[in-house]
Amino acid sequence: MSNVEIEEFVNEREILLEPFEVGNLGPDSIDIRLGGKLLIAKKVDRIIDPKNGMDMEFDEYDLEKGPYALKAGEFALGTTLERIGLSNKVTAQLEGRSSIGRLGIIIHMTAGLVHAGWGYKKPSTLTLEMSSVNPNPVYLHHGMKIAQLSFMRHGRPPANGYDDNPNSKYSAQLGPLPSKIHKDY
């Protein structure tokens, strides 16, 4: 979708962005900002088993108290400042911004797709799976433009959106959430 279509879909409430700032629109995407909480993965000196939801341990960091210096090889879960909702007519793709990538910051590992129907019942934040390949620490600031969303409209909406699926694990999230893959077993 172009910026014109994105703004039309926001006005028609097919895309919910709270808050929505027209100045964050690019030609075919919208910049989204880093929210206030980080979960920093702790080194636990054991194998992480996806079947066990309690294996990963995190320290919480409040970005509203100051920036966090993400170190090389460190893994953190962040959250978007914006709450997002998509009707069943729209899917979104999350990507890093070029300016952030040039600092060596990766903002998602594999979870870049935001499914149709995500957050439409209750707009929700997106969890960012961040790491750094920069050999130097890089500050992450609350409210910084960290990623971008592009949108694709469906010719025919899916029968059920993300929030309508009883197996959806991350509906109505308002902060970074660790993996719930153990619920697949």
# chains A, B, ... in the order shown; residues from 1 in each chain; ligands from 1
$ closest_atom_pairs --of "stretch 154-177 of chain A" --to "stretch 26-40 of chain A" --cutoff "9 Å" --atoms "only C-alpha atoms" --output "CSV"
residue,atom,partner,partner_atom,distance
A:Gly175,CA,A:Lys37,CA,6.9
A:Pro176,CA,A:Leu38,CA,6.9
A:Leu177,CA,A:Leu39,CA,8.3
$ closest_atom_pairs --of "stretch 35-147 of chain A" --to "stretch 1-13 of chain A" --cutoff "9 Å" --atoms "only C-alpha atoms" --output "Markdown table"
| residue | atom | partner | partner_atom | distance |
| --- | --- | --- | --- | --- |
| A:Gly85 | CA | A:Arg13 | CA | 8.9 |
| A:Leu86 | CA | A:Arg13 | CA | 8.5 |
| A:Ser87 | CA | A:Arg13 | CA | 7.9 |
$ closest_residue --among "A:Lys51, A:Lys89, A:Lys43, A:Lys145" --to "A:Trp118" --atoms "only C-alpha atoms"
A:Lys89
$ atom_distance --atom1 "atom CA of A:Ala76" --atom2 "atom CA of A:Leu17"
23.8 Å
$ select_by_dssp --residues "stretch 22-141 of chain A" --states "helix (DSSP H, G or I)" --output "short mmCIF file (atom, residue, chain, number, x, y, z; two decimals) with all heavy atoms, in the first residue's frame"
data_model
loop_
_atom_site.label_atom_id
_atom_site.label_comp_id
_atom_site.auth_asym_id
_atom_site.auth_seq_id
_atom_site.Cartn_x
_atom_site.Cartn_y
_atom_site.Cartn_z
N VAL A 22 0.82 11.30 11.09
CA VAL A 22 0.99 11.41 9.65
C VAL A 22 2.46 11.64 9.30
O VAL A 22 2.95 11.12 8.30
CB VAL A 22 0.10 12.55 9.08
CG1 VAL A 22 0.37 12.78 7.60
CG2 VAL A 22 -1.37 12.23 9.29
N GLY A 23 3.19 12.36 10.13
CA GLY A 23 4.60 12.65 9.87
C GLY A 23 5.49 11.42 9.86
O GLY A 23 6.62 11.49 9.38
N ASN A 24 5.00 10.30 10.38
CA ASN A 24 5.79 9.06 10.37
C ASN A 24 5.57 8.23 9.11
O ASN A 24 6.19 7.18 8.95
CB ASN A 24 5.47 8.22 11.61
CG ASN A 24 6.06 8.81 12.87
OD1 ASN A 24 6.95 9.65 12.82
ND2 ASN A 24 5.55 8.39 14.01
N LEU A 63 12.92 1.80 29.78
CA LEU A 63 13.55 2.82 28.93
C LEU A 63 13.11 4.23 29.28
O LEU A 63 13.78 5.19 28.91
CB LEU A 63 13.25 2.54 27.46
CG LEU A 63 13.98 1.36 26.84
CD1 LEU A 63 13.40 1.05 25.47
CD2 LEU A 63 15.46 1.65 26.73
N GLU A 64 12.00 4.37 30.00
CA GLU A 64 11.55 5.71 30.38
C GLU A 64 12.48 6.32 31.42
O GLU A 64 12.48 7.54 31.62
CB GLU A 64 10.11 5.66 30.87
CG GLU A 64 9.15 5.29 29.74
CD GLU A 64 7.70 5.29 30.16
OE1 GLU A 64 7.29 6.21 30.90
OE2 GLU A 64 6.98 4.38 29.73
N LYS A 65 13.30 5.49 32.06
CA LYS A 65 14.27 5.99 33.04
C LYS A 65 15.61 6.34 32.40
O LYS A 65 16.48 6.88 33.05
CB LYS A 65 14.47 4.96 34.15
CG LYS A 65 13.24 4.77 34.99
CD LYS A 65 13.47 3.78 36.10
CE LYS A 65 12.21 3.65 36.95
NZ LYS A 65 12.34 2.65 38.01
N SER A 98 16.49 1.30 7.80
CA SER A 98 17.86 1.30 7.29
C SER A 98 18.82 1.99 8.27
O SER A 98 19.93 1.50 8.52
CB SER A 98 17.90 2.01 5.93
OG SER A 98 19.22 2.11 5.47
N SER A 99 18.39 3.09 8.86
CA SER A 99 19.25 3.82 9.80
C SER A 99 19.58 2.99 11.03
O SER A 99 20.66 3.11 11.60
CB SER A 99 18.58 5.13 10.22
OG SER A 99 18.41 5.98 9.11
N ILE A 100 18.66 2.12 11.46
CA ILE A 100 18.90 1.25 12.60
C ILE A 100 19.79 0.08 12.18
O ILE A 100 20.72 -0.31 12.90
CB ILE A 100 17.56 0.76 13.19
CG1 ILE A 100 16.71 1.93 13.68
CG2 ILE A 100 17.78 -0.27 14.30
CD1 ILE A 100 17.34 2.77 14.78
N GLY A 101 19.53 -0.49 11.01
CA GLY A 101 20.36 -1.57 10.48
C GLY A 101 21.81 -1.14 10.30
O GLY A 101 22.74 -1.92 10.53
#
$ atom_distance --atom1 "atom CA of A:His182" --atom2 "atom CA of A:Pro157"
29.3 Å
$ atom_distance --atom1 "atom CA of A:Asn134" --atom2 "atom CA of A:Ala72"
5.6 Å
$ select_by_dssp --residues "stretch 5-169 of chain A" --states "strand (DSSP E)" --output "mmCIF file with N, CA and C atoms, in the first residue's frame"
data_model
loop_
_atom_site.group_PDB
_atom_site.id
_atom_site.type_symbol
_atom_site.label_atom_id
_atom_site.label_comp_id
_atom_site.auth_asym_id
_atom_site.auth_seq_id
_atom_site.Cartn_x
_atom_site.Cartn_y
_atom_site.Cartn_z
ATOM 1 N N ILE A 15 -7.112 -0.102 9.460
ATOM 2 C CA ILE A 15 -5.826 -0.144 10.160
ATOM 3 C C ILE A 15 -5.966 0.746 11.379
ATOM 4 N N LEU A 16 -5.663 0.196 12.556
ATOM 5 C CA LEU A 16 -5.683 0.970 13.795
ATOM 6 C C LEU A 16 -4.248 1.207 14.222
ATOM 7 N N LEU A 17 -3.868 2.447 14.363
ATOM 8 C CA LEU A 17 -2.542 2.826 14.857
ATOM 9 C C LEU A 17 -2.757 3.871 15.941
ATOM 10 N N GLU A 18 -2.385 3.520 17.166
ATOM 11 C CA GLU A 18 -2.602 4.413 18.305
ATOM 12 C C GLU A 18 -1.285 4.651 19.026
ATOM 13 N N ILE A 30 5.044 3.048 7.378
ATOM 14 C CA ILE A 30 4.997 4.002 8.484
ATOM 15 C C ILE A 30 6.044 3.599 9.504
ATOM 16 N N ASP A 31 6.789 4.581 9.993
ATOM 17 C CA ASP A 31 7.768 4.331 11.046
ATOM 18 C C ASP A 31 7.041 4.121 12.361
ATOM 19 N N ILE A 32 7.515 3.145 13.134
ATOM 20 C CA ILE A 32 6.972 2.907 14.466
ATOM 21 C C ILE A 32 8.105 3.037 15.468
ATOM 22 N N ARG A 33 7.731 3.350 16.700
ATOM 23 C CA ARG A 33 8.719 3.725 17.716
ATOM 24 C C ARG A 33 8.855 2.664 18.803
ATOM 25 N N LYS A 37 9.476 -0.627 27.573
ATOM 26 C CA LYS A 37 9.994 -1.780 28.309
ATOM 27 C C LYS A 37 10.866 -2.658 27.420
ATOM 28 N N LEU A 38 11.931 -3.173 28.019
ATOM 29 C CA LEU A 38 12.769 -4.195 27.390
ATOM 30 C C LEU A 38 12.841 -5.387 28.317
ATOM 31 N N LEU A 39 12.914 -6.565 27.739
ATOM 32 C CA LEU A 39 13.251 -7.776 28.469
ATOM 33 C C LEU A 39 14.591 -8.243 27.921
ATOM 34 N N ILE A 40 15.618 -8.216 28.768
ATOM 35 C CA ILE A 40 16.978 -8.572 28.361
ATOM 36 C C ILE A 40 17.221 -10.033 28.739
ATOM 37 N N ALA A 41 17.547 -10.864 27.749
ATOM 38 C CA ALA A 41 17.766 -12.289 28.015
ATOM 39 C C ALA A 41 18.978 -12.478 28.921
ATOM 40 N N PHE A 58 14.690 -13.428 31.915
ATOM 41 C CA PHE A 58 14.905 -12.068 31.445
ATOM 42 C C PHE A 58 15.024 -11.106 32.621
ATOM 43 N N ASP A 59 15.781 -10.043 32.409
ATOM 44 C CA ASP A 59 15.772 -8.885 33.286
ATOM 45 C C ASP A 59 14.951 -7.814 32.590
ATOM 46 N N GLU A 60 14.082 -7.145 33.342
ATOM 47 C CA GLU A 60 13.276 -6.074 32.763
ATOM 48 C C GLU A 60 14.029 -4.752 32.888
ATOM 49 N N TYR A 61 13.932 -3.935 31.829
ATOM 50 C CA TYR A 61 14.567 -2.619 31.833
ATOM 51 C C TYR A 61 13.530 -1.588 31.400
ATOM 52 N N ASP A 62 13.450 -0.482 32.133
ATOM 53 C CA ASP A 62 12.496 0.585 31.848
ATOM 54 C C ASP A 62 13.203 1.699 31.075
ATOM 55 N N TYR A 68 19.087 2.296 27.044
ATOM 56 C CA TYR A 68 19.748 1.024 27.345
ATOM 57 C C TYR A 68 20.829 0.795 26.298
ATOM 58 N N ALA A 69 22.034 0.435 26.720
ATOM 59 C CA ALA A 69 23.146 0.154 25.806
ATOM 60 C C ALA A 69 23.108 -1.325 25.430
ATOM 61 N N LEU A 70 22.597 -1.630 24.244
ATOM 62 C CA LEU A 70 22.541 -2.997 23.756
ATOM 63 C C LEU A 70 23.934 -3.408 23.292
ATOM 64 N N PHE A 75 20.605 -10.240 23.394
ATOM 65 C CA PHE A 75 19.258 -10.443 22.863
ATOM 66 C C PHE A 75 18.261 -9.781 23.806
ATOM 67 N N ALA A 76 17.373 -8.989 23.239
ATOM 68 C CA ALA A 76 16.359 -8.286 24.039
ATOM 69 C C ALA A 76 15.025 -8.317 23.314
ATOM 70 N N LEU A 77 13.968 -8.429 24.089
ATOM 71 C CA LEU A 77 12.621 -8.278 23.558
ATOM 72 C C LEU A 77 12.163 -6.862 23.887
ATOM 73 N N GLY A 78 11.745 -6.154 22.858
ATOM 74 C CA GLY A 78 11.227 -4.810 23.050
ATOM 75 C C GLY A 78 9.761 -4.784 22.655
ATOM 76 N N THR A 79 9.194 -3.614 22.717
ATOM 77 C CA THR A 79 7.793 -3.446 22.346
ATOM 78 C C THR A 79 7.653 -2.154 21.559
ATOM 79 N N ARG A 83 0.200 1.012 19.438
ATOM 80 C CA ARG A 83 -0.679 -0.152 19.490
ATOM 81 C C ARG A 83 -1.293 -0.291 18.093
ATOM 82 N N ILE A 84 -1.361 -1.530 17.622
ATOM 83 C CA ILE A 84 -1.723 -1.789 16.240
ATOM 84 C C ILE A 84 -2.913 -2.734 16.184
ATOM 85 N N GLY A 85 -3.792 -2.498 15.236
ATOM 86 C CA GLY A 85 -4.898 -3.401 14.947
ATOM 87 C C GLY A 85 -5.124 -3.443 13.452
ATOM 88 N N LEU A 86 -5.362 -4.636 12.944
ATOM 89 C CA LEU A 86 -5.605 -4.808 11.512
ATOM 90 C C LEU A 86 -6.943 -5.500 11.311
ATOM 91 N N VAL A 90 -6.402 -6.678 5.867
ATOM 92 C CA VAL A 90 -5.027 -6.179 5.809
ATOM 93 C C VAL A 90 -4.066 -7.088 6.566
ATOM 94 N N THR A 91 -2.864 -7.253 6.005
ATOM 95 C CA THR A 91 -1.728 -7.881 6.678
ATOM 96 C C THR A 91 -0.603 -6.844 6.672
ATOM 97 N N ALA A 92 0.253 -6.884 7.672
ATOM 98 C CA ALA A 92 1.379 -5.948 7.717
ATOM 99 C C ALA A 92 2.688 -6.720 7.763
ATOM 100 N N GLN A 93 3.751 -6.061 7.333
ATOM 101 C CA GLN A 93 5.102 -6.617 7.386
ATOM 102 C C GLN A 93 5.966 -5.664 8.202
ATOM 103 N N LEU A 94 6.589 -6.202 9.245
ATOM 104 C CA LEU A 94 7.492 -5.430 10.100
ATOM 105 C C LEU A 94 8.908 -5.566 9.560
ATOM 106 N N GLU A 95 9.593 -4.465 9.436
ATOM 107 C CA GLU A 95 10.996 -4.460 8.999
ATOM 108 C C GLU A 95 11.763 -3.437 9.800
ATOM 109 N N GLY A 96 13.057 -3.632 9.871
ATOM 110 C CA GLY A 96 13.919 -2.639 10.490
ATOM 111 C C GLY A 96 14.071 -1.434 9.583
ATOM 112 N N ILE A 105 21.860 -3.050 14.436
ATOM 113 C CA ILE A 105 20.746 -3.516 15.264
ATOM 114 C C ILE A 105 19.740 -4.265 14.391
ATOM 115 N N ILE A 106 19.431 -5.479 14.801
ATOM 116 C CA ILE A 106 18.409 -6.303 14.147
ATOM 117 C C ILE A 106 17.158 -6.181 15.015
ATOM 118 N N LEU A 113 5.827 -10.916 10.146
ATOM 119 C CA LEU A 113 4.471 -10.867 9.612
ATOM 120 C C LEU A 113 3.475 -10.549 10.716
ATOM 121 N N VAL A 114 2.618 -9.567 10.461
ATOM 122 C CA VAL A 114 1.527 -9.227 11.379
ATOM 123 C C VAL A 114 0.251 -9.659 10.667
ATOM 124 N N THR A 127 5.879 -7.232 19.649
ATOM 125 C CA THR A 127 7.139 -7.550 20.321
ATOM 126 C C THR A 127 8.247 -7.538 19.286
ATOM 127 N N LEU A 128 9.318 -6.844 19.603
ATOM 128 C CA LEU A 128 10.498 -6.754 18.744
ATOM 129 C C LEU A 128 11.564 -7.696 19.299
ATOM 130 N N GLU A 129 12.150 -8.518 18.444
ATOM 131 C CA GLU A 129 13.193 -9.469 18.832
ATOM 132 C C GLU A 129 14.534 -8.876 18.404
ATOM 133 N N MET A 130 15.159 -8.148 19.300
ATOM 134 C CA MET A 130 16.302 -7.317 18.947
ATOM 135 C C MET A 130 17.631 -7.931 19.374
ATOM 136 N N SER A 131 18.625 -7.699 18.545
ATOM 137 C CA SER A 131 19.991 -8.063 18.894
ATOM 138 C C SER A 131 20.926 -7.105 18.172
ATOM 139 N N SER A 132 22.191 -7.153 18.576
ATOM 140 C CA SER A 132 23.186 -6.269 17.984
ATOM 141 C C SER A 132 24.347 -7.084 17.428
ATOM 142 N N VAL A 138 25.225 -0.004 21.610
ATOM 143 C CA VAL A 138 24.406 1.007 20.931
ATOM 144 C C VAL A 138 23.227 1.330 21.844
ATOM 145 N N TYR A 139 23.019 2.610 22.105
ATOM 146 C CA TYR A 139 21.894 3.022 22.938
ATOM 147 C C TYR A 139 20.562 2.818 22.230
ATOM 148 N N LEU A 140 19.615 2.279 22.977
ATOM 149 C CA LEU A 140 18.216 2.209 22.560
ATOM 150 C C LEU A 140 17.456 3.203 23.428
ATOM 151 N N LYS A 145 12.478 6.034 16.579
ATOM 152 C CA LYS A 145 11.922 5.334 15.428
ATOM 153 C C LYS A 145 12.801 4.099 15.205
ATOM 154 N N ILE A 146 12.226 2.922 15.449
ATOM 155 C CA ILE A 146 13.009 1.687 15.487
ATOM 156 C C ILE A 146 12.720 0.768 14.299
ATOM 157 N N ALA A 147 11.510 0.840 13.744
ATOM 158 C CA ALA A 147 11.094 -0.100 12.705
ATOM 159 C C ALA A 147 10.082 0.572 11.796
ATOM 160 N N GLN A 148 9.626 -0.182 10.820
ATOM 161 C CA GLN A 148 8.587 0.318 9.927
ATOM 162 C C GLN A 148 7.621 -0.802 9.591
ATOM 163 N N LEU A 149 6.400 -0.407 9.331
ATOM 164 C CA LEU A 149 5.366 -1.341 8.908
ATOM 165 C C LEU A 149 4.940 -0.992 7.484
ATOM 166 N N SER A 150 4.884 -2.007 6.639
ATOM 167 C CA SER A 150 4.245 -1.855 5.333
ATOM 168 C C SER A 150 2.996 -2.729 5.358
ATOM 169 N N PHE A 151 2.047 -2.417 4.517
ATOM 170 C CA PHE A 151 0.737 -3.062 4.571
ATOM 171 C C PHE A 151 0.360 -3.633 3.213
ATOM 172 N N MET A 152 -0.319 -4.775 3.253
ATOM 173 C CA MET A 152 -0.831 -5.422 2.054
ATOM 174 C C MET A 152 -2.317 -5.669 2.248
ATOM 175 N N ARG A 153 -3.094 -5.321 1.266
ATOM 176 C CA ARG A 153 -4.535 -5.573 1.357
ATOM 177 C C ARG A 153 -4.840 -6.920 0.714
#
$ residues_around --residues "A:Gly119" --least-positions-apart "3" --cutoff "8 Å" --atoms "only C-alpha atoms" --output "VMD selection string"
chain A and resid 84 to 86 122 to 124 162 to 163 171 to 172
$ write_last_selection --atoms "all heavy atoms" --output "tab-separated table (two decimals), in the first residue's frame"
chain	number	residue	atom	x	y	z
A	84	ILE	N	-1.36	-1.53	17.62
A	84	ILE	CA	-1.72	-1.79	16.24
A	84	ILE	C	-2.91	-2.73	16.18
A	84	ILE	O	-3.02	-3.66	16.98
A	84	ILE	CB	-0.51	-2.40	15.50
A	84	ILE	CG1	0.61	-1.35	15.41
A	84	ILE	CG2	-0.86	-2.89	14.10
A	84	ILE	CD1	1.94	-1.84	15.77
A	85	GLY	N	-3.79	-2.50	15.24
A	85	GLY	CA	-4.90	-3.40	14.95
A	85	GLY	C	-5.12	-3.44	13.45
A	85	GLY	O	-5.04	-2.42	12.78
A	86	LEU	N	-5.36	-4.64	12.94
A	86	LEU	CA	-5.61	-4.81	11.51
A	86	LEU	C	-6.94	-5.50	11.31
A	86	LEU	O	-7.23	-6.49	11.98
A	86	LEU	CB	-4.51	-5.67	10.88
A	86	LEU	CG	-3.07	-5.19	11.04
A	86	LEU	CD1	-2.11	-6.22	10.46
A	86	LEU	CD2	-2.87	-3.84	10.38
A	122	LYS	N	-8.70	-5.46	20.18
A	122	LYS	CA	-8.03	-4.61	21.16
A	122	LYS	C	-6.63	-4.31	20.63
A	122	LYS	O	-5.77	-5.18	20.63
A	122	LYS	CB	-7.93	-5.31	22.52
A	122	LYS	CG	-7.27	-4.45	23.57
A	122	LYS	CD	-7.21	-5.14	24.91
A	122	LYS	CE	-6.54	-4.20	25.91
A	122	LYS	NZ	-6.40	-4.82	27.21
A	123	PRO	N	-6.42	-3.09	20.12
A	123	PRO	CA	-5.11	-2.77	19.56
A	123	PRO	C	-3.98	-3.15	20.53
A	123	PRO	O	-4.07	-2.92	21.73
A	123	PRO	CB	-5.18	-1.26	19.32
A	123	PRO	CG	-6.64	-1.03	19.07
A	123	PRO	CD	-7.35	-1.96	20.02
A	124	SER	N	-2.94	-3.76	19.95
A	124	SER	CA	-1.88	-4.37	20.74
A	124	SER	C	-0.52	-3.92	20.25
A	124	SER	O	-0.35	-3.57	19.08
A	124	SER	CB	-1.97	-5.90	20.63
A	124	SER	OG	-3.24	-6.36	21.02
A	162	TYR	N	-6.52	-13.21	13.11
A	162	TYR	CA	-5.66	-13.67	14.20
A	162	TYR	C	-6.39	-13.70	15.54
A	162	TYR	O	-6.35	-14.69	16.26
A	162	TYR	CB	-4.42	-12.77	14.30
A	162	TYR	CG	-3.42	-13.27	15.32
A	162	TYR	CD1	-2.44	-14.18	14.96
A	162	TYR	CD2	-3.48	-12.84	16.64
A	162	TYR	CE1	-1.53	-14.66	15.90
A	162	TYR	CE2	-2.58	-13.32	17.58
A	162	TYR	CZ	-1.60	-14.21	17.20
A	162	TYR	OH	-0.72	-14.68	18.13
A	163	ASP	N	-7.05	-12.63	15.91
A	163	ASP	CA	-7.71	-12.55	17.21
A	163	ASP	C	-8.89	-13.51	17.33
A	163	ASP	O	-9.31	-13.83	18.44
A	163	ASP	CB	-8.19	-11.13	17.50
A	163	ASP	CG	-7.06	-10.17	17.83
A	163	ASP	OD1	-5.90	-10.62	17.95
A	163	ASP	OD2	-7.33	-8.97	17.98
A	171	SER	N	-2.57	-12.46	21.47
A	171	SER	CA	-3.61	-11.43	21.36
A	171	SER	C	-3.59	-10.50	22.57
A	171	SER	O	-3.31	-10.93	23.68
A	171	SER	CB	-4.99	-12.08	21.26
A	171	SER	OG	-5.12	-12.78	20.04
A	172	ALA	N	-3.90	-9.24	22.33
A	172	ALA	CA	-4.07	-8.22	23.37
A	172	ALA	C	-2.82	-8.01	24.22
A	172	ALA	O	-2.91	-7.69	25.39
A	172	ALA	CB	-5.27	-8.56	24.26
$ closest_residue --among "A:Asn167, A:Ser179, A:Thr80, A:Thr125" --to "A:Glu57" --atoms "only C-alpha atoms"
A:Ser179
$ closest_residue --among "A:Met144, A:Leu81, A:Ala159, A:Ala111" --to "A:Phe20" --atoms "only C-alpha atoms"
A:Leu81
